[in-house]
$ cat start_15.cif   # mmCIF, C-alpha atoms
data_upload
loop_
_atom_site.label_atom_id
_atom_site.label_comp_id
_atom_site.auth_asym_id
_atom_site.auth_seq_id
_atom_site.Cartn_x
_atom_site.Cartn_y
_atom_site.Cartn_z
CA MET I 1 0.00 0.00 0.00
CA ALA I 2 1.50 3.30 -1.13
CA LEU I 3 1.91 5.90 1.58
CA GLU I 4 0.06 9.16 1.20
CA LEU I 5 2.81 11.22 2.78
CA ASP I 6 1.00 14.51 2.36
CA ARG I 7 -1.54 13.27 4.90
CA TYR I 8 1.07 12.45 7.55
CA ASP I 9 2.73 14.66 10.14
CA VAL I 10 5.32 13.71 12.76
CA GLN I 11 5.58 15.80 15.91
CA LYS I 12 6.14 15.68 19.64
CA ILE I 13 2.91 14.95 21.52
CA ASP I 14 1.80 15.29 25.12
CA LYS I 15 3.01 12.44 27.34
CA LYS I 16 -0.43 12.01 28.86
CA GLN I 17 -1.93 11.52 25.42
CA ALA I 18 0.86 9.11 24.49
CA LYS I 19 0.34 7.12 27.69
CA GLN I 20 -3.40 6.79 27.05
CA ILE I 21 -2.79 5.53 23.52
CA ILE I 22 -0.03 3.09 24.50
CA VAL I 23 -1.94 1.59 27.42
CA GLU I 24 -4.98 1.10 25.21
CA HIS I 25 -3.35 -0.15 22.01
CA HIS I 26 0.20 -1.46 22.65
CA TYR I 27 0.44 -5.23 23.13
CA SER I 28 1.88 -4.76 26.64
CA HIS I 29 -0.90 -2.36 27.73
CA THR I 30 1.62 -0.73 30.05
CA TRP I 31 3.46 2.59 30.15
CA SER I 32 7.22 2.93 30.38
CA SER I 33 10.07 5.38 30.71
CA CYS I 34 9.41 8.42 28.50
CA GLN I 35 11.64 11.35 27.70
CA TYR I 36 10.12 12.06 24.28
CA ALA I 37 6.74 10.97 22.94
CA ILE I 38 6.60 11.37 19.17
CA GLY I 39 3.31 11.00 17.38
CA LEU I 40 2.35 10.06 13.85
CA LEU I 41 -0.66 12.09 12.77
CA LYS I 42 -2.82 11.38 9.76
CA ASP I 43 -5.32 14.08 8.88
CA LYS I 44 -4.57 15.49 12.37
CA MET I 45 -5.53 12.21 14.07
CA THR I 46 -2.84 10.40 16.09
CA ILE I 47 -2.43 6.95 14.57
CA GLY I 48 1.06 6.11 15.84
CA VAL I 49 3.30 6.72 18.84
CA ALA I 50 7.02 6.18 19.45
CA VAL I 51 8.22 6.52 23.04
CA TYR I 52 11.89 7.15 23.79
CA GLY I 53 13.23 7.16 27.33
CA PHE I 54 16.57 6.98 29.10
CA PRO I 55 17.48 3.32 29.74
CA VAL I 56 16.73 2.04 33.22
CA GLY I 57 19.99 0.13 33.44
CA ARG I 58 22.70 2.39 34.84
CA LEU I 59 25.31 0.61 32.71
CA ALA I 60 23.42 0.81 29.43
CA ALA I 61 25.75 3.35 27.85
CA GLN I 62 28.84 1.45 28.98
CA SER I 63 27.40 -1.69 27.43
CA ILE I 64 27.46 0.03 24.02
CA SER I 65 30.79 1.85 23.76
CA PRO I 66 33.15 3.96 25.90
CA GLU I 67 32.44 6.74 23.38
CA VAL I 68 28.85 6.98 24.69
CA ALA I 69 27.72 8.63 27.96
CA ASN I 70 24.53 7.91 29.87
CA ASN I 71 22.83 11.08 28.67
CA GLU I 72 23.66 10.25 25.05
CA VAL I 73 21.54 7.10 24.83
CA LEU I 74 17.80 6.69 24.46
CA GLU I 75 15.82 3.48 24.49
CA LEU I 76 12.84 2.96 22.23
CA THR I 77 10.56 1.69 24.96
CA ARG I 78 7.25 1.60 23.08
CA LEU I 79 6.23 1.68 19.43
CA TRP I 80 2.69 1.45 18.14
CA ILE I 81 1.04 2.27 14.84
CA ALA I 82 -2.51 1.53 13.74
CA ASP I 83 -2.83 -1.70 11.76
CA SER I 84 -4.65 0.21 9.04
CA GLU I 85 -1.39 1.91 8.03
CA GLY I 86 0.65 -1.19 7.22
CA LYS I 87 4.33 -2.08 7.69
CA ASN I 88 5.64 0.53 5.25
CA ALA I 89 4.18 3.28 7.39
CA GLU I 90 5.78 1.78 10.50
CA SER I 91 9.32 1.84 9.09
CA TRP I 92 8.75 5.28 7.55
CA PHE I 93 7.51 6.63 10.87
CA LEU I 94 10.46 5.16 12.74
CA GLY I 95 12.83 6.85 10.29
CA GLN I 96 11.04 10.14 10.82
CA THR I 97 11.55 9.85 14.58
CA PHE I 98 15.30 9.60 13.92
CA THR I 99 15.12 12.87 12.01
CA TRP I 100 13.11 14.49 14.80
CA LEU I 101 15.63 13.40 17.43
CA LYS I 102 18.56 14.71 15.40
CA GLN I 103 16.84 18.09 15.22
CA HIS I 104 15.48 18.35 18.76
CA ALA I 105 17.76 16.10 20.85
CA ASN I 106 21.05 16.32 19.02
CA GLN I 107 23.04 15.22 22.08
CA ILE I 108 21.75 11.68 21.55
CA LYS I 109 24.31 9.46 19.85
CA VAL I 110 22.75 6.00 20.06
CA LEU I 111 19.29 4.45 20.23
CA LEU I 112 18.71 1.15 21.94
CA SER I 113 15.84 -1.31 21.73
CA TYR I 114 15.04 -4.80 22.94
CA VAL I 115 12.85 -7.31 21.10
CA ASP I 116 10.88 -9.75 23.23
CA PRO I 117 10.42 -13.11 21.45
CA SER I 118 8.07 -14.20 24.24
CA PHE I 119 5.44 -12.09 22.46
CA GLY I 120 6.32 -13.48 19.03
CA HIS I 121 8.39 -10.47 18.00
CA ILE I 122 11.40 -11.01 15.74
CA GLY I 123 12.66 -7.49 15.05
CA THR I 124 11.51 -7.19 11.44
CA ILE I 125 10.94 -3.46 11.77
CA TYR I 126 14.51 -2.97 13.03
CA LYS I 127 15.97 -4.77 10.07
CA ALA I 128 13.78 -2.71 7.73
CA SER I 129 15.02 0.53 9.29
CA ASN I 130 18.72 -0.44 9.41
CA TRP I 131 19.29 -1.01 13.12
CA LEU I 132 22.32 -3.09 14.10
CA TYR I 133 21.62 -6.47 15.69
CA GLN I 134 23.74 -7.52 18.69
CA GLY I 135 22.19 -10.82 19.71
CA SER I 136 20.46 -12.02 22.85
CA ASP I 137 23.33 -12.75 25.24
CA ILE I 138 23.99 -9.21 26.47
CA ARG I 139 21.56 -8.73 29.32
CA THR I 140 21.91 -11.33 32.06
CA ALA I 141 18.82 -10.52 34.13
CA ASP I 142 16.00 -11.20 31.68
CA TYR I 143 15.66 -14.92 32.29
CA PHE I 144 12.96 -14.75 34.93
CA MET I 145 9.69 -13.04 35.59
CA TYR I 146 7.25 -13.29 38.46
CA LYS I 147 3.75 -14.44 37.58
CA VAL I 148 0.76 -13.37 39.68
CA GLY I 149 -2.50 -14.60 38.22
CA ASP I 150 -2.46 -13.67 34.54
CA GLU I 151 0.09 -10.89 34.98
CA CYS I 152 3.89 -11.08 34.77
CA TYR I 153 6.26 -8.71 36.56
CA HIS I 154 9.94 -7.93 36.12
CA PRO I 155 12.24 -8.61 39.11
CA ARG I 156 12.93 -4.89 39.34
CA THR I 157 9.20 -4.17 39.62
CA MET I 158 8.74 -6.78 42.33
CA PHE I 159 11.72 -5.54 44.31
CA SER I 160 10.51 -1.95 44.06
CA LYS I 161 7.06 -2.90 45.34
CA TYR I 162 7.84 -5.61 47.90
CA LYS I 163 11.51 -4.87 48.77
CA SER I 164 12.46 -8.45 48.08
CA ASN I 165 13.07 -10.95 45.30
CA ASP I 166 13.15 -13.91 47.67
CA MET I 167 10.39 -16.39 46.88
CA LYS I 168 9.87 -17.29 50.55
CA VAL I 169 9.12 -13.65 51.32
CA LEU I 170 7.03 -13.10 48.20
CA LYS I 171 4.91 -16.22 48.78
CA GLU I 172 3.97 -14.87 52.21
CA LEU I 173 2.97 -11.54 50.68
CA ILE I 174 1.44 -12.72 47.40
CA PRO I 175 -0.56 -15.96 47.37
CA GLY I 176 0.06 -17.96 44.20
CA VAL I 177 3.15 -16.07 43.01
CA GLU I 178 5.34 -18.13 40.68
CA ILE I 179 8.61 -17.73 38.78
CA ILE I 180 8.54 -18.36 35.05
CA SER I 181 11.46 -18.62 32.67
CA MET I 182 11.52 -16.13 29.79
CA GLU I 183 13.23 -16.07 26.45
CA LYS I 184 16.18 -13.74 26.20
CA LYS I 185 15.49 -10.39 24.59
CA HIS I 186 17.32 -9.48 21.41
CA ARG I 187 19.15 -6.17 21.33
CA TYR I 188 19.31 -3.68 18.49
CA ILE I 189 21.11 -0.34 18.33
CA TYR I 190 20.86 2.58 15.92
CA ILE I 191 23.61 5.17 15.76
CA LEU I 192 22.33 8.73 15.33
CA ALA I 193 25.69 10.45 15.68
CA ASP I 194 27.55 12.18 12.85
CA ARG I 195 29.74 10.11 10.53
CA ARG I 196 32.98 10.67 12.42
CA THR I 197 31.49 9.83 15.81
CA LYS I 198 29.63 6.88 14.35
CA LYS I 199 32.92 5.45 13.09
CA LYS I 200 34.46 5.76 16.57
CA ILE I 201 31.47 4.07 18.17
CA LEU I 202 31.51 1.22 15.67
CA GLN I 203 35.22 0.70 16.29
CA THR I 204 34.73 0.51 20.06
CA LEU I 205 31.50 -1.46 20.41
CA LYS I 206 31.55 -3.61 23.53
CA HIS I 207 29.39 -6.22 21.81
CA PRO I 208 29.85 -7.10 18.13
CA VAL I 209 27.28 -6.54 15.43
CA LYS I 210 25.80 -9.85 14.30
CA PRO I 211 24.02 -10.88 11.09
CA TYR I 212 20.26 -10.59 11.10
CA ILE I 213 18.70 -13.94 11.83
CA ASN I 214 15.26 -15.44 11.60
CA LEU I 215 14.22 -15.46 15.21
CA GLU I 216 11.57 -18.11 15.56
CA ARG I 217 9.18 -17.86 18.42
CA LYS I 218 9.85 -20.54 20.98
CA ARG I 219 7.47 -20.92 23.84
CA SER I 220 9.51 -21.09 27.03
CA ASP I 221 7.15 -19.94 29.76
CA GLN I 222 7.35 -23.20 31.65
CA LEU I 223 7.41 -23.00 35.43
CA ILE I 224 10.71 -23.49 37.12
CA THR I 225 10.73 -26.33 39.60
CA ASN I 226 10.40 -25.58 43.31
CA LYS I 227 14.03 -26.60 43.82
CA GLN I 228 15.15 -23.88 41.41
CA GLU I 229 12.83 -21.11 42.60
CA ASN I 230 14.99 -19.57 45.30
CA GLN I 231 18.11 -19.93 43.17
CA ALA I 232 16.40 -18.10 40.31
CA ALA I 233 15.07 -15.39 42.62
CA LYS I 234 18.49 -14.95 44.18
CA LYS I 235 20.04 -14.56 40.73
CA ALA I 236 17.44 -11.94 39.83
CA ALA I 237 18.18 -10.08 43.06
CA ASP I 238 21.95 -10.32 42.59
CA ASN I 239 21.59 -8.84 39.12
CA PHE I 240 19.14 -6.17 40.24
CA PHE I 241 21.63 -3.33 39.97
CA ASP I 242 23.45 -4.71 36.95
CA PHE I 243 20.85 -4.37 34.22
CA GLY I 244 22.18 -3.09 30.94
CA GLU I 245 25.55 -4.82 31.09
#

$ encode --input "start_15.cif" --output "structure tokens"
Amino acid sequence: MALELDRYDVQKIDKKQAKQIIVEHHYSHTWSSCQYAIGLLKDKMTIGVAVYGFPVGRLAAQSISPEVANNEVLELTRLWIADSEGKNAESWFLGQTFTWLKQHANQIKVLLSYVDPSFGHIGTIYKASNWLYQGSDIRTADYFMYKVGDECYHPRTMFSKYKSNDMKVLKELIPGVEIISMEKKHRYIYILADRRTKKKILQTLKHPVKPYINLERKRSDQLITNKQENQAAKKAADNFFDFGE
């Protein structure tokens, strides 16, 4: 489907509006870190949102290159576009957000994003928009989630709310809480910096760029045995302050 570009506009939108749209339409139905909310408007109606925020992991910048500081990295934390617009519009919109960031946040050198295969995502949009793929073995703390009813929570979220990642403690506070294993997230980066800086970053990447691969969805949300629960929770707690490595 050919894009009618004269009907589109890309601009910064109010974070409250972005949150409402993301919570309603994004597959996660949750909000996240947001420094910039960029909207895709069609005939003045918002039909897409890209949310960029500073990475939660304090070592995120270091995990990319020594040429990158913490305030020079943004993570694409949420991306949604109406199904009616098709994949071409999605990659075009993402490219337009790069242009917007270069104009309005020119201190940003690198963009970071994680693809979650647990939801059947393979990173097609990142390949289409020329991100660099770095594999799934970078972050060490994404193996486990806590399941309460039909909802899953990150170890960081649980620790923030209950001040513990220990299953003995959590079971006393939350009846029915379980630990589930999760597939590793796949990391992509996009370098926004000028050509000279980009070259330096590429030469000093902490993790190599890998060929794009066909990431097949593999269901791995099986419960960890009781014998492994405390060990898994302890690992999550030990890695609590090391996200982004």

$ atom_distance --input "start_15.cif" --atom1 "atom CA of I:Ala89" --atom2 "atom CA of I:Ile47"
10.4 Å

$ resolve_selection --input "start_15.cif" --expression "the PyMOL selection byres ((chain I and resi 197) around 12)" --output "MDAnalysis selection string"
chainID I and resid 65:68 107:110 191:196 198:204

$ closest_residue --input "start_15.cif" --among "I:Pro208, I:Gly53, I:Gly39, I:Gly48" --to "I:Ile189" --atoms "only C-alpha atoms"
I:Pro208

$ resolve_selection --input "start_15.cif" --expression "the PyMOL selection byres ((chain I and resi 78-88) around 9)" --output "VMD selection string"
chain I and resid 1 to 3 21 to 22 25 to 27 31 to 34 40 47 to 52 75 to 77 89 to 94 125

$ atom_distance --input "start_15.cif" --atom1 "atom CA of I:Gln62" --atom2 "atom CA of I:Lys206"
7.9 Å

$ residues_around --input "start_15.cif" --residues "I:Thr157" --least-positions-apart "3" --cutoff "12 Å" --atoms "all atoms listed in the file" --output "list of chain:residue names"
I:Ser32, I:Val56, I:Met145, I:Tyr146, I:Lys147, I:Cys152, I:Tyr153, I:His154, I:Ser160, I:Lys161, I:Tyr162, I:Lys163, I:Ser164, I:Asn165, I:Ala236, I:Ala237, I:Phe240

$ write_last_selection --input "start_15.cif" --atoms "C-alpha atoms" --output "short mmCIF file (atom, residue, chain, number, x, y, z; two decimals), in the frame of the given file"
data_model
loop_
_atom_site.label_atom_id
_atom_site.label_comp_id
_atom_site.auth_asym_id
_atom_site.auth_seq_id
_atom_site.Cartn_x
_atom_site.Cartn_y
_atom_site.Cartn_z
CA SER I 32 7.22 2.93 30.38
CA VAL I 56 16.73 2.04 33.22
CA MET I 145 9.69 -13.04 35.59
CA TYR I 146 7.25 -13.29 38.46
CA LYS I 147 3.75 -14.44 37.58
CA CYS I 152 3.89 -11.08 34.77
CA TYR I 153 6.26 -8.71 36.56
CA HIS I 154 9.94 -7.93 36.12
CA SER I 160 10.51 -1.95 44.06
CA LYS I 161 7.06 -2.90 45.34
CA TYR I 162 7.84 -5.61 47.90
CA LYS I 163 11.51 -4.87 48.77
CA SER I 164 12.46 -8.45 48.08
CA ASN I 165 13.07 -10.95 45.30
CA ALA I 236 17.44 -11.94 39.83
CA ALA I 237 18.18 -10.08 43.06
CA PHE I 240 19.14 -6.17 40.24
#

$ closest_residue --input "start_15.cif" --among "I:Gln103, I:Ser113, I:Thr46, I:Thr97" --to "I:Leu74" --atoms "all atoms listed in the file"
I:Ser113

$ atom_distance --input "start_15.cif" --atom1 "atom CA of I:Ser63" --atom2 "atom CA of I:His207"
7.5 Å

$ closest_residue --input "start_15.cif" --among "I:Glu151, I:Glu172, I:Lys184, I:Ile179" --to "I:His29" --atoms "all atoms listed in the file"
I:Glu151

$ closest_residue --input "start_15.cif" --among "I:Val169, I:Met45, I:Ile174, I:Ile213" --to "I:Gly123" --atoms "all atoms listed in the file"
I:Ile213
